[in-house]
>>> print(open('start28.pdb').read())   # PDB, C-alpha atoms
ATOM      1  CA  MET A   1       0.000   0.000   0.000
ATOM      2  CA  ALA A   2       1.410   3.358  -1.048
ATOM      3  CA  ARG A   3       2.128   5.875   1.687
ATOM      4  CA  PRO A   4       0.246   9.199   1.492
ATOM      5  CA  TYR A   5       3.523  11.146   1.740
ATOM      6  CA  ARG A   6       7.258  10.635   1.731
ATOM      7  CA  ARG A   7       8.884  10.261   5.135
ATOM      8  CA  SER A   8      11.337  12.987   6.140
ATOM      9  CA  ASP A   9      14.379  10.765   6.642
ATOM     10  CA  PHE A  10      13.827   8.529   3.614
ATOM     11  CA  ASP A  11      15.261   8.812   0.117
ATOM     12  CA  VAL A  12      13.352  10.140  -2.896
ATOM     13  CA  THR A  13      11.708   6.754  -3.489
ATOM     14  CA  ASP A  14      10.592   6.471   0.173
ATOM     15  CA  THR A  15      12.154   3.004   0.264
ATOM     16  CA  VAL A  16      15.521   3.581   1.973
ATOM     17  CA  GLN A  17      15.805   5.195   5.395
ATOM     18  CA  VAL A  18      18.810   7.402   4.730
ATOM     19  CA  SER A  19      19.196   8.244   8.433
ATOM     20  CA  SER A  20      19.845   4.548   9.138
ATOM     21  CA  PRO A  21      23.378   3.173   8.561
ATOM     22  CA  PRO A  22      22.133  -0.447   8.282
ATOM     23  CA  ALA A  23      19.487   0.505   5.698
ATOM     24  CA  VAL A  24      21.928   2.509   3.589
ATOM     25  CA  ARG A  25      24.588  -0.187   3.931
ATOM     26  CA  GLU A  26      22.210  -2.811   2.575
ATOM     27  CA  ALA A  27      21.061  -0.640  -0.342
ATOM     28  CA  VAL A  28      24.553   0.461  -1.376
ATOM     29  CA  LEU A  29      26.049  -3.021  -1.142
ATOM     30  CA  GLN A  30      23.197  -4.397  -3.247
ATOM     31  CA  LEU A  31      23.639  -1.733  -5.938
ATOM     32  CA  TYR A  32      27.385  -2.389  -6.028
ATOM     33  CA  ALA A  33      26.955  -6.162  -6.194
ATOM     34  CA  ASP A  34      24.373  -5.888  -8.981
ATOM     35  CA  ALA A  35      26.500  -3.498 -11.049
ATOM     36  CA  TRP A  36      29.780  -5.408 -10.591
ATOM     37  CA  PRO A  37      28.897  -9.070  -9.999
ATOM     38  CA  GLY A  38      31.595 -10.998  -8.230
ATOM     39  CA  ALA A  39      33.500  -7.937  -7.024
ATOM     40  CA  PRO A  40      34.655  -8.299  -3.396
ATOM     41  CA  LEU A  41      32.458  -6.460  -0.906
ATOM     42  CA  ALA A  42      34.695  -6.548   2.166
ATOM     43  CA  THR A  43      36.422  -3.198   1.601
ATOM     44  CA  LEU A  44      33.151  -1.393   0.962
ATOM     45  CA  GLU A  45      31.649  -2.988   4.061
ATOM     46  CA  THR A  46      34.643  -1.791   6.081
ATOM     47  CA  ALA A  47      34.316   1.756   4.735
ATOM     48  CA  LEU A  48      30.606   1.873   5.537
ATOM     49  CA  ALA A  49      31.297   0.737   9.093
ATOM     50  CA  ASP A  50      34.180   3.198   9.477
ATOM     51  CA  PHE A  51      31.967   6.018   8.224
ATOM     52  CA  GLU A  52      29.348   5.224  10.860
ATOM     53  CA  ARG A  53      31.979   5.165  13.597
ATOM     54  CA  LEU A  54      33.481   8.479  12.499
ATOM     55  CA  PHE A  55      30.178  10.335  12.247
ATOM     56  CA  THR A  56      28.814   8.939  15.504
ATOM     57  CA  GLY A  57      31.908   9.904  17.482
ATOM     58  CA  ARG A  58      33.367   6.426  17.955
ATOM     59  CA  THR A  59      36.579   6.873  15.952
ATOM     60  CA  PRO A  60      39.565   7.586  18.206
ATOM     61  CA  GLY A  61      40.799  11.141  17.803
ATOM     62  CA  TYR A  62      37.537  12.539  16.419
ATOM     63  CA  LEU A  63      34.458  14.105  18.007
ATOM     64  CA  GLY A  64      31.756  13.015  15.549
ATOM     65  CA  VAL A  65      29.478  15.102  13.346
ATOM     66  CA  ASP A  66      27.812  18.145  14.934
ATOM     67  CA  THR A  67      26.766  20.111  11.827
ATOM     68  CA  VAL A  68      22.976  20.246  11.634
ATOM     69  CA  TYR A  69      22.612  20.552   7.848
ATOM     70  CA  HIS A  70      25.563  18.403   6.798
ATOM     71  CA  ASP A  71      24.648  15.643   9.228
ATOM     72  CA  LEU A  72      24.886  11.858   8.990
ATOM     73  CA  GLN A  73      21.665  11.615   6.974
ATOM     74  CA  HIS A  74      22.996  13.947   4.294
ATOM     75  CA  SER A  75      26.186  11.956   3.687
ATOM     76  CA  GLN A  76      24.256   8.685   3.558
ATOM     77  CA  ASP A  77      21.789  10.211   1.103
ATOM     78  CA  VAL A  78      24.763  11.228  -1.063
ATOM     79  CA  VAL A  79      26.412   7.791  -1.107
ATOM     80  CA  LEU A  80      23.085   6.177  -2.039
ATOM     81  CA  ALA A  81      22.630   8.638  -4.913
ATOM     82  CA  MET A  82      26.227   8.026  -5.989
ATOM     83  CA  ALA A  83      25.711   4.262  -6.042
ATOM     84  CA  ARG A  84      22.591   4.707  -8.158
ATOM     85  CA  LEU A  85      24.300   7.053 -10.625
ATOM     86  CA  MET A  86      27.178   4.650 -11.202
ATOM     87  CA  ALA A  87      24.984   1.549 -11.356
ATOM     88  CA  GLY A  88      22.675   3.276 -13.834
ATOM     89  CA  TYR A  89      25.616   4.325 -15.976
ATOM     90  CA  GLU A  90      27.076   0.801 -16.093
ATOM     91  CA  LYS A  91      23.651  -0.626 -16.962
ATOM     92  CA  SER A  92      23.147   1.785 -19.858
ATOM     93  CA  HIS A  93      26.707   1.490 -21.259
ATOM     94  CA  PRO A  94      27.178  -2.257 -21.863
ATOM     95  CA  ASP A  95      29.916  -1.571 -24.424
ATOM     96  CA  GLY A  96      31.799   0.890 -22.223
ATOM     97  CA  PRO A  97      33.712   2.833 -21.318
ATOM     98  CA  HIS A  98      33.125   1.154 -17.963
ATOM     99  CA  ILE A  99      33.719   2.672 -14.557
ATOM    100  CA  GLY A 100      34.872  -0.666 -13.187
ATOM    101  CA  ALA A 101      34.518  -2.149  -9.740
ATOM    102  CA  GLU A 102      37.672  -0.688  -8.158
ATOM    103  CA  ARG A 103      37.092   2.849  -9.418
ATOM    104  CA  ALA A 104      33.478   2.612  -8.254
ATOM    105  CA  LEU A 105      34.674   1.464  -4.835
ATOM    106  CA  MET A 106      36.970   4.493  -4.576
ATOM    107  CA  ALA A 107      34.135   6.791  -5.654
ATOM    108  CA  LEU A 108      31.744   5.372  -3.054
ATOM    109  CA  VAL A 109      34.317   5.775  -0.290
ATOM    110  CA  THR A 110      34.909   9.348  -1.447
ATOM    111  CA  ALA A 111      31.159   9.978  -1.350
ATOM    112  CA  LEU A 112      30.944   8.573   2.178
ATOM    113  CA  PHE A 113      33.662  10.894   3.470
ATOM    114  CA  HIS A 114      33.085  13.907   1.211
ATOM    115  CA  ASP A 115      31.978  15.983   4.235
ATOM    116  CA  SER A 116      34.354  14.469   6.786
ATOM    117  CA  GLY A 117      36.117  17.832   6.869
ATOM    118  CA  TYR A 118      33.314  19.210   9.013
ATOM    119  CA  ILE A 119      34.197  16.777  11.810
ATOM    120  CA  ARG A 120      36.446  18.159  14.522
ATOM    121  CA  GLN A 121      39.444  16.250  15.751
ATOM    122  CA  ILE A 122      40.028  15.942  19.494
ATOM    123  CA  ALA A 123      42.768  18.553  19.175
ATOM    124  CA  GLU A 124      40.125  20.936  17.810
ATOM    125  CA  LYS A 125      37.705  20.575  20.714
ATOM    126  CA  ASP A 126      37.944  24.309  21.430
ATOM    127  CA  VAL A 127      36.346  25.017  18.038
ATOM    128  CA  SER A 128      32.663  25.617  18.792
ATOM    129  CA  ASN A 129      31.165  23.586  15.918
ATOM    130  CA  GLY A 130      32.258  21.879  12.709
ATOM    131  CA  ALA A 131      30.423  24.535  10.701
ATOM    132  CA  VAL A 132      33.299  26.872  11.527
ATOM    133  CA  PHE A 133      35.192  24.926   8.828
ATOM    134  CA  THR A 134      32.588  25.669   6.118
ATOM    135  CA  ARG A 135      34.957  27.620   3.874
ATOM    136  CA  GLN A 136      37.651  24.922   3.929
ATOM    137  CA  HIS A 137      35.718  21.744   4.689
ATOM    138  CA  VAL A 138      36.312  20.151   1.268
ATOM    139  CA  THR A 139      40.061  20.609   1.547
ATOM    140  CA  ARG A 140      39.870  19.091   5.024
ATOM    141  CA  SER A 141      37.833  16.189   3.612
ATOM    142  CA  ALA A 142      40.511  15.605   0.979
ATOM    143  CA  ARG A 143      43.133  15.425   3.718
ATOM    144  CA  HIS A 144      41.028  12.938   5.641
ATOM    145  CA  LEU A 145      40.615  10.786   2.526
ATOM    146  CA  GLY A 146      44.353  10.960   1.947
ATOM    147  CA  ARG A 147      44.911   9.508   5.401
ATOM    148  CA  TYR A 148      42.057   6.996   5.270
ATOM    149  CA  LEU A 149      42.270   5.342   1.843
ATOM    150  CA  PRO A 150      45.650   3.653   2.474
ATOM    151  CA  THR A 151      44.191   1.987   5.580
ATOM    152  CA  ILE A 152      41.709   0.050   3.430
ATOM    153  CA  GLY A 153      44.075  -0.849   0.605
ATOM    154  CA  LEU A 154      43.238   2.047  -1.742
ATOM    155  CA  ALA A 155      46.459   4.056  -1.487
ATOM    156  CA  ASP A 156      46.849   4.143  -5.280
ATOM    157  CA  TRP A 157      43.567   6.033  -5.546
ATOM    158  CA  VAL A 158      44.511   8.870  -3.193
ATOM    159  CA  PRO A 159      45.509  11.287  -6.017
ATOM    160  CA  VAL A 160      42.142  10.759  -7.732
ATOM    161  CA  SER A 161      39.913  10.769  -4.650
ATOM    162  CA  THR A 162      41.491  13.891  -3.173
ATOM    163  CA  ARG A 163      40.847  15.730  -6.443
ATOM    164  CA  ILE A 164      37.344  14.557  -7.308
ATOM    165  CA  VAL A 165      36.066  15.377  -3.815
ATOM    166  CA  HIS A 166      36.427  19.024  -4.868
ATOM    167  CA  PHE A 167      33.537  18.526  -7.290
ATOM    168  CA  THR A 168      31.325  18.656  -4.171
ATOM    169  CA  GLY A 169      32.419  22.150  -3.163
ATOM    170  CA  TYR A 170      33.300  25.657  -4.190
ATOM    171  CA  GLU A 171      36.815  25.968  -2.788
ATOM    172  CA  MET A 172      38.454  25.178  -6.130
ATOM    173  CA  PRO A 173      37.187  26.304  -9.569
ATOM    174  CA  LEU A 174      35.903  23.224 -11.345
ATOM    175  CA  ASP A 175      38.029  23.841 -14.427
ATOM    176  CA  LEU A 176      41.161  23.766 -12.258
ATOM    177  CA  ILE A 177      40.503  20.241 -10.946
ATOM    178  CA  ARG A 178      43.165  18.278 -12.840
ATOM    179  CA  ILE A 179      41.907  14.816 -13.823
ATOM    180  CA  GLY A 180      43.878  12.706 -16.295
ATOM    181  CA  ASP A 181      41.475   9.836 -16.986
ATOM    182  CA  ALA A 182      38.074  10.644 -18.486
ATOM    183  CA  ARG A 183      36.511   7.923 -16.327
ATOM    184  CA  ASP A 184      37.769   9.645 -13.193
ATOM    185  CA  ARG A 185      36.279  12.926 -14.374
ATOM    186  CA  LEU A 186      33.010  11.093 -15.045
ATOM    187  CA  VAL A 187      32.797   9.771 -11.482
ATOM    188  CA  GLY A 188      33.821  13.221 -10.238
ATOM    189  CA  HIS A 189      30.862  14.709 -12.075
ATOM    190  CA  MET A 190      28.645  12.029 -10.586
ATOM    191  CA  LEU A 191      29.960  12.798  -7.106
ATOM    192  CA  GLY A 192      29.236  16.505  -7.413
ATOM    193  CA  THR A 193      25.840  15.630  -8.853
ATOM    194  CA  ALA A 194      25.004  13.198  -6.055
ATOM    195  CA  ASP A 195      25.812  15.848  -3.458
ATOM    196  CA  MET A 196      23.447  18.390  -5.017
ATOM    197  CA  LEU A 197      20.697  15.858  -5.769
ATOM    198  CA  ALA A 198      20.650  14.627  -2.181
ATOM    199  CA  GLN A 199      20.366  18.160  -0.830
ATOM    200  CA  MET A 200      17.835  19.688  -3.204
ATOM    201  CA  ALA A 201      15.624  16.580  -3.400
ATOM    202  CA  ASP A 202      15.382  16.248   0.400
ATOM    203  CA  ARG A 203      11.755  16.348   1.494
ATOM    204  CA  CYS A 204      12.648  19.030   4.066
ATOM    205  CA  TYR A 205      15.137  20.930   1.906
ATOM    206  CA  LEU A 206      13.367  24.260   2.332
ATOM    207  CA  GLU A 207      13.129  24.088   6.111
ATOM    208  CA  LYS A 208      16.697  22.829   6.332
ATOM    209  CA  CYS A 209      17.975  25.754   4.267
ATOM    210  CA  ARG A 210      16.156  28.270   6.470
ATOM    211  CA  ASP A 211      16.852  26.713   9.868
ATOM    212  CA  ARG A 212      20.075  24.732   9.449
ATOM    213  CA  LEU A 213      22.119  25.792   6.442
ATOM    214  CA  TYR A 214      21.782  29.437   7.455
ATOM    215  CA  ALA A 215      23.105  28.573  10.911
ATOM    216  CA  GLU A 216      26.112  26.806   9.384
ATOM    217  CA  PHE A 217      26.719  29.784   7.085
ATOM    218  CA  VAL A 218      26.694  32.114  10.085
ATOM    219  CA  LEU A 219      29.191  30.012  12.040
ATOM    220  CA  GLY A 220      31.369  29.633   8.944
ATOM    221  CA  ASP A 221      31.486  33.408   8.306
ATOM    222  CA  VAL A 222      29.632  32.990   5.016
ATOM    223  CA  ALA A 223      26.319  34.675   5.891
ATOM    224  CA  ALA A 224      27.984  37.781   7.319
ATOM    225  CA  HIS A 225      31.585  38.652   8.017
ATOM    226  CA  LYS A 226      33.680  41.645   8.921
ATOM    227  CA  GLY A 227      35.765  43.214   6.207
ATOM    228  CA  ALA A 228      37.815  46.322   5.627
ATOM    229  CA  GLY A 229      34.690  48.262   4.710
ATOM    230  CA  GLY A 230      32.547  46.939   7.546
ATOM    231  CA  VAL A 231      30.252  43.958   7.790
ATOM    232  CA  LYS A 232      29.436  42.281   4.488
ATOM    233  CA  VAL A 233      26.091  40.479   4.544
ATOM    234  CA  LEU A 234      25.293  37.718   2.059
ATOM    235  CA  TYR A 235      22.313  36.288   3.956
ATOM    236  CA  GLY A 236      20.593  38.491   6.521
ATOM    237  CA  SER A 237      18.510  35.672   7.971
ATOM    238  CA  GLY A 238      17.352  32.158   7.280
ATOM    239  CA  LEU A 239      14.379  33.582   5.438
ATOM    240  CA  ASP A 240      16.654  35.782   3.361
ATOM    241  CA  LEU A 241      18.638  32.692   2.369
ATOM    242  CA  LEU A 242      15.382  30.967   1.437
ATOM    243  CA  ARG A 243      14.317  33.911  -0.727
ATOM    244  CA  GLN A 244      17.558  33.502  -2.675
ATOM    245  CA  THR A 245      17.178  29.728  -2.999
ATOM    246  CA  PRO A 246      15.001  29.670  -6.184
ATOM    247  CA  GLN A 247      17.767  31.406  -8.112
ATOM    248  CA  PHE A 248      20.363  29.073  -6.579
ATOM    249  CA  VAL A 249      18.376  25.988  -7.585
ATOM    250  CA  ALA A 250      17.789  27.233 -11.131
ATOM    251  CA  THR A 251      21.439  28.196 -11.615
ATOM    252  CA  THR A 252      22.672  24.935 -10.097
ATOM    253  CA  ILE A 253      20.498  22.817 -12.400
ATOM    254  CA  ARG A 254      21.412  24.807 -15.505
ATOM    255  CA  ASN A 255      25.104  25.474 -14.937
ATOM    256  CA  ARG A 256      26.520  23.075 -12.369
ATOM    257  CA  LEU A 257      24.459  19.917 -12.959
ATOM    258  CA  GLY A 258      23.857  20.619 -16.629
ATOM    259  CA  ILE A 259      26.876  22.262 -18.224
ATOM    260  CA  MET A 260      29.695  21.578 -15.755
ATOM    261  CA  PHE A 261      28.696  18.038 -14.769
ATOM    262  CA  ASP A 262      27.452  17.119 -18.263
ATOM    263  CA  HIS A 263      23.915  16.196 -17.133
ATOM    264  CA  ALA A 264      25.260  13.292 -15.070
ATOM    265  CA  TYR A 265      21.966  13.247 -13.116
ATOM    266  CA  ARG A 266      20.435  11.359 -16.034
ATOM    267  CA  HIS A 267      22.464   8.261 -15.181
ATOM    268  CA  VAL A 268      19.938   7.235 -12.512
ATOM    269  CA  GLU A 269      17.185   6.982 -15.104
ATOM    270  CA  PRO A 270      17.970   3.448 -16.366
ATOM    271  CA  LEU A 271      17.243   2.216 -12.825
ATOM    272  CA  PHE A 272      13.804   3.856 -12.784
ATOM    273  CA  GLY A 273      12.416   3.036 -16.211
ATOM    274  CA  GLY A 274      13.478   6.366 -17.664
ATOM    275  CA  ALA A 275      12.085   8.427 -14.771
ATOM    276  CA  ASN A 276      14.214  10.615 -12.524
ATOM    277  CA  PRO A 277      12.813  10.757  -8.985
ATOM    278  CA  TYR A 278      15.570  13.133  -7.852
ATOM    279  CA  MET A 279      14.851  15.777 -10.462
ATOM    280  CA  ASP A 280      11.113  15.343  -9.908
ATOM    281  CA  ALA A 281      11.539  15.983  -6.172
ATOM    282  CA  ILE A 282      13.755  18.998  -6.844
ATOM    283  CA  GLN A 283      11.152  20.437  -9.197
ATOM    284  CA  GLN A 284       8.458  19.881  -6.594
ATOM    285  CA  ASN A 285      10.514  21.729  -3.967
ATOM    286  CA  ALA A 286      11.253  24.575  -6.381
ATOM    287  CA  ASP A 287       7.605  24.946  -7.422
ATOM    288  CA  TYR A 288       6.442  24.995  -3.810
ATOM    289  CA  LEU A 289       9.082  27.571  -2.884
ATOM    290  CA  ARG A 290       8.100  29.868  -5.743
ATOM    291  CA  GLY A 291       4.473  29.661  -4.618
ATOM    292  CA  LEU A 292       5.448  30.583  -1.067
ATOM    293  CA  ALA A 293       7.538  33.500  -2.309
ATOM    294  CA  ARG A 294       4.657  34.881  -4.362
ATOM    295  CA  SER A 295       2.190  34.671  -1.476
ATOM    296  CA  SER A 296       4.671  35.306   1.387
ATOM    297  CA  ARG A 297       3.114  32.373   3.240
ATOM    298  CA  TRP A 298       6.396  31.421   4.895
ATOM    299  CA  PRO A 299       4.713  29.964   8.034
ATOM    300  CA  MET A 300       3.581  27.094   5.775
ATOM    301  CA  LEU A 301       7.106  25.676   6.177
ATOM    302  CA  ARG A 302       6.426  23.837   9.418
ATOM    303  CA  ARG A 303       8.431  20.625   9.141
ATOM    304  CA  ASN A 304      10.964  20.006  11.881
ATOM    305  CA  PRO A 305      12.695  16.719  11.017
ATOM    306  CA  PRO A 306      15.178  15.120  13.404
ATOM    307  CA  VAL A 307      18.868  16.005  13.251
ATOM    308  CA  PHE A 308      21.376  13.152  13.085
ATOM    309  CA  THR A 309      24.441  14.404  14.936
ATOM    310  CA  VAL A 310      26.277  13.447  18.115
ATOM    311  CA  GLU A 311      24.704  16.354  20.011
ATOM    312  CA  HIS A 312      21.652  15.626  22.166
ATOM    313  CA  ASP A 313      19.914  18.945  21.425
ATOM    314  CA  ALA A 314      21.773  19.991  18.322
ATOM    315  CA  MET A 315      19.431  22.718  17.097
ATOM    316  CA  GLN A 316      19.267  24.536  20.423
ATOM    317  CA  GLY A 317      23.022  24.459  20.739
ATOM    318  CA  VAL A 318      23.540  25.781  17.223
ATOM    319  CA  ARG A 319      20.980  28.566  17.716
ATOM    320  CA  THR A 320      22.875  29.714  20.806
ATOM    321  CA  LEU A 321      26.161  29.693  18.897
ATOM    322  CA  LEU A 322      24.501  31.553  16.002
ATOM    323  CA  ILE A 323      23.306  34.376  18.260
ATOM    324  CA  GLU A 324      26.674  34.677  19.964
ATOM    325  CA  HIS A 325      28.491  34.747  16.637
ATOM    326  CA  LEU A 326      26.233  37.401  15.108
ATOM    327  CA  LYS A 327      26.677  39.586  18.179
ATOM    328  CA  GLU A 328      30.408  39.247  17.785
ATOM    329  CA  VAL A 329      30.244  40.127  14.076
ATOM    330  CA  TRP A 330      28.126  43.202  14.735
ATOM    331  CA  GLY A 331      30.153  44.237  17.753
ATOM    332  CA  ALA A 332      27.545  43.674  20.461
ATOM    333  CA  PRO A 333      28.618  42.014  23.714
ATOM    334  CA  ALA A 334      27.673  38.370  24.053
ATOM    335  CA  PRO A 335      25.280  37.557  26.917
ATOM    336  CA  VAL A 336      26.958  36.752  30.228
ATOM    337  CA  SER A 337      26.359  33.173  31.366
ATOM    338  CA  ALA A 338      24.302  32.759  34.541
ATOM    339  CA  ASN A 339      26.879  30.205  35.648
TER     340      ASN A 339
END
>>> encode(input="start28.pdb", output="structure tokens")
Amino acid sequence: MARPYRRSDFDVTDTVQVSSPPAVREAVLQLYADAWPGAPLATLETALADFERLFTGRTPGYLGVDTVYHDLQHSQDVVLAMARLMAGYEKSHPDGPHIGAERALMALVTALFHDSGYIRQIAEKDVSNGAVFTRQHVTRSARHLGRYLPTIGLADWVPVSTRIVHFTGYEMPLDLIRIGDARDRLVGHMLGTADMLAQMADRCYLEKCRDRLYAEFVLGDVAAHKGAGGVKVLYGSGLDLLRQTPQFVATTIRNRLGIMFDHAYRHVEPLFGGANPYMDAIQQNADYLRGLARSSRWPMLRRNPPVFTVEHDAMQGVRTLLIEHLKEVWGAPAPVSAN
């Protein structure tokens, strides 16, 4: 029996609980096994388990994920989308060029840890939140991958992984990402695509932009920061960010997903009979947002999905940090603790 609506922590098909490591593990391993029959699964299983340990704060030397937008659910949504893109490509290109099992393994591991740069190390415990690393998180993720891949027998892939992870960010111009093999560039385009599909197709994308991404942008000095000429404001509030989101979505689909990533989002379509549930969900979000903008009925955005971080009350903690940071940016004294 079909559900009347998609659940907030499930993928675009409402069949995989992307907040659940066991559910994502099963789905990704199945996609990999179907696309590359007979390929060993042990390394991918290890990486999936290591990802869960890192993000839940059980890896020695690390504190676990505390970013409320780029949380555990987001990264798992990305690796599922990445597995689907590659499996769909292999299915629709029987005569090649093939991605191959080992390259696909490297790409999946890179997808798993593409946001590992947000996670603080124990030595960084004085940093208030991983969102502080927003401007350099992809570079930090590349460093983490450079350390991690040799531990699972993928040392030879470090030069590729640490480059293609930059397709998920804005720290390096895409045309400056040096990739020698066209197949590596292809999986890089898929990785950047998977990251954007998972975000923009999220059932609660609009609320998460307003309530969570804005908070991360504040803590990362993206929303507003002091400069030589005073405070420069890119996003004045979560609602201001949301008002700018329709243009971001349209530009991302046209330029980033379309031109720069060569319409790699279409590679999921062979798995869904020619349909594209990700692009359909993105269009639905965009249409709803445009309707809200025309009518100014912003209170209609009422969803408050759970956050999957190591913090018990993550949103309250981040809101407190947000207020303190904005007061610092604008020069107002932070409130004195009652303790």
>>> resolve_selection(input="start28.pdb", expression="the PyMOL selection byres ((chain A and resi 138) around 8)", output="ChimeraX atom specification")
/A:114-115,117,136-137,139-142,165-166,168-169,171
>>> write_last_selection(input="start28.pdb", atoms="C-alpha atoms", output="mmCIF file, keeping the file's coordinate frame")
data_model
loop_
_atom_site.group_PDB
_atom_site.id
_atom_site.type_symbol
_atom_site.label_atom_id
_atom_site.label_comp_id
_atom_site.auth_asym_id
_atom_site.auth_seq_id
_atom_site.Cartn_x
_atom_site.Cartn_y
_atom_site.Cartn_z
ATOM 1 C CA HIS A 114 33.085 13.907 1.211
ATOM 2 C CA ASP A 115 31.978 15.983 4.235
ATOM 3 C CA GLY A 117 36.117 17.832 6.869
ATOM 4 C CA GLN A 136 37.651 24.922 3.929
ATOM 5 C CA HIS A 137 35.718 21.744 4.689
ATOM 6 C CA THR A 139 40.061 20.609 1.547
ATOM 7 C CA ARG A 140 39.870 19.091 5.024
ATOM 8 C CA SER A 141 37.833 16.189 3.612
ATOM 9 C CA ALA A 142 40.511 15.605 0.979
ATOM 10 C CA VAL A 165 36.066 15.377 -3.815
ATOM 11 C CA HIS A 166 36.427 19.024 -4.868
ATOM 12 C CA THR A 168 31.325 18.656 -4.171
ATOM 13 C CA GLY A 169 32.419 22.150 -3.163
ATOM 14 C CA GLU A 171 36.815 25.968 -2.788
#
>>> atom_distance(input="start28.pdb", atom1="atom CA of A:Leu234", atom2="atom CA of A:Leu326")
13.1 Å
>>> residues_around(input="start28.pdb", residues="A:Val68", least_positions_apart="4", cutoff="7 Å", atoms="all atoms listed in the file", output="list of chain:residue names")
A:Arg212, A:Val307, A:Thr309, A:Ala314, A:Met315
>>> closest_residue(input="start28.pdb", among="A:Arg58, A:Arg120, A:His93, A:Arg203", to="A:Pro277", atoms="all atoms listed in the file")
A:Arg203
>>> axis_aligned_box(input="start28.pdb", around="stretch 85-91 of chain A", padding_each_side="6 Å", output="AutoDock Vina command-line options")
--center_x 24.9 --center_y 3.2 --center_z -13.8 --size_x 16.5 --size_y 19.7 --size_z 18.3
>>> atom_distance(input="start28.pdb", atom1="atom CA of A:Arg266", atom2="atom CA of A:Thr43")
27.9 Å
>>> residues_around(input="start28.pdb", residues="A:Asp313", least_positions_apart="6", cutoff="12 Å", atoms="all atoms listed in the file", output="list in words")
Asp66, Thr67, Val68, Pro306, Val307, Arg319 and Thr320 of chain A
>>> write_last_selection(input="start28.pdb", atoms="C-alpha atoms", output="PDB file, in the frame of the given file")
ATOM      1  CA  ASP A  66      27.812  18.145  14.934  1.00  0.00           C
ATOM      2  CA  THR A  67      26.766  20.111  11.827  1.00  0.00           C
ATOM      3  CA  VAL A  68      22.976  20.246  11.634  1.00  0.00           C
ATOM      4  CA  PRO A 306      15.178  15.120  13.404  1.00  0.00           C
ATOM      5  CA  VAL A 307      18.868  16.005  13.251  1.00  0.00           C
ATOM      6  CA  ARG A 319      20.980  28.566  17.716  1.00  0.00           C
ATOM      7  CA  THR A 320      22.875  29.714  20.806  1.00  0.00           C
TER       8      THR A 320
END
>>> resolve_selection(input="start28.pdb", expression="the PyMOL selection byres ((chain A and resi 14) around 12)", output="MDAnalysis selection string")
chainID A and resid 2:13 15:18 77 201:203 277:278 281
>>> closest_residue(input="start28.pdb", among="A:Ile253, A:Met172, A:Leu186, A:Val132", to="A:Pro97", atoms="all atoms listed in the file")
A:Leu186
>>> resolve_selection(input="start28.pdb", expression="the PyMOL selection byres ((chain A and resi 123) around 12)", output="PDB file with C-alpha atoms, keeping the file's coordinate frame")
ATOM      1  CA  PRO A  60      39.565   7.586  18.206  1.00  0.00           C
ATOM      2  CA  GLY A  61      40.799  11.141  17.803  1.00  0.00           C
ATOM      3  CA  TYR A  62      37.537  12.539  16.419  1.00  0.00           C
ATOM      4  CA  LEU A  63      34.458  14.105  18.007  1.00  0.00           C
ATOM      5  CA  ILE A 119      34.197  16.777  11.810  1.00  0.00           C
ATOM      6  CA  ARG A 120      36.446  18.159  14.522  1.00  0.00           C
ATOM      7  CA  GLN A 121      39.444  16.250  15.751  1.00  0.00           C
ATOM      8  CA  ILE A 122      40.028  15.942  19.494  1.00  0.00           C
ATOM      9  CA  GLU A 124      40.125  20.936  17.810  1.00  0.00           C
ATOM     10  CA  LYS A 125      37.705  20.575  20.714  1.00  0.00           C
ATOM     11  CA  ASP A 126      37.944  24.309  21.430  1.00  0.00           C
ATOM     12  CA  VAL A 127      36.346  25.017  18.038  1.00  0.00           C
TER      13      VAL A 127
END
>>> atom_distance(input="start28.pdb", atom1="atom CA of A:Trp298", atom2="atom CA of A:Glu207")
10.0 Å
>>> closest_residue(input="start28.pdb", among="A:Thr245, A:Glu216, A:Gly331, A:Met190", to="A:Tyr288", atoms="only C-alpha atoms")
A:Thr245
>>> residues_around(input="start28.pdb", residues="A:Ala81", least_positions_apart="6", cutoff="10 Å", atoms="all atoms listed in the file", output="list in words")
Asp11, Val12, Val28, Ser75, Ala87, Leu108, Ala111, Met190, Leu191, Thr193, Ala194, Asp195, Met196, Leu197, Ala198, Tyr265, Val268 and Tyr278 of chain A
>>> closest_residue(input="start28.pdb", among="A:His189, A:Asn129, A:Gly100, A:Val160", to="A:Ile259", atoms="only C-alpha atoms")
A:His189
>>> closest_residue(input="start28.pdb", among="A:Ala182, A:Val310, A:Ala264, A:Val24", to="A:His98", atoms="only C-alpha atoms")
A:Ala182
>>> closest_residue(input="start28.pdb", among="A:Cys209, A:Val109, A:Ala224, A:Leu48", to="A:Ala27", atoms="all atoms listed in the file")
A:Leu48
>>> residues_around(input="start28.pdb", residues="A:Phe308", least_positions_apart="3", cutoff="7 Å", atoms="only C-alpha atoms", output="ChimeraX atom specification")
/A:71-73
>>> residues_around(input="start28.pdb", residues="stretch 102-104 of chain A", least_positions_apart="5", cutoff="8 Å", atoms="all atoms listed in the file", output="list in words")
Met86, Asp184 and Val187 of chain A
>>> residues_near_point(input="start28.pdb", point="(34.7, -5.6, -1.8)", cutoff="12 Å", atoms="only C-alpha atoms", output="number ranges by chain")
A: 28-30, 32-33, 36-48, 101-106, 108-109, 152-154
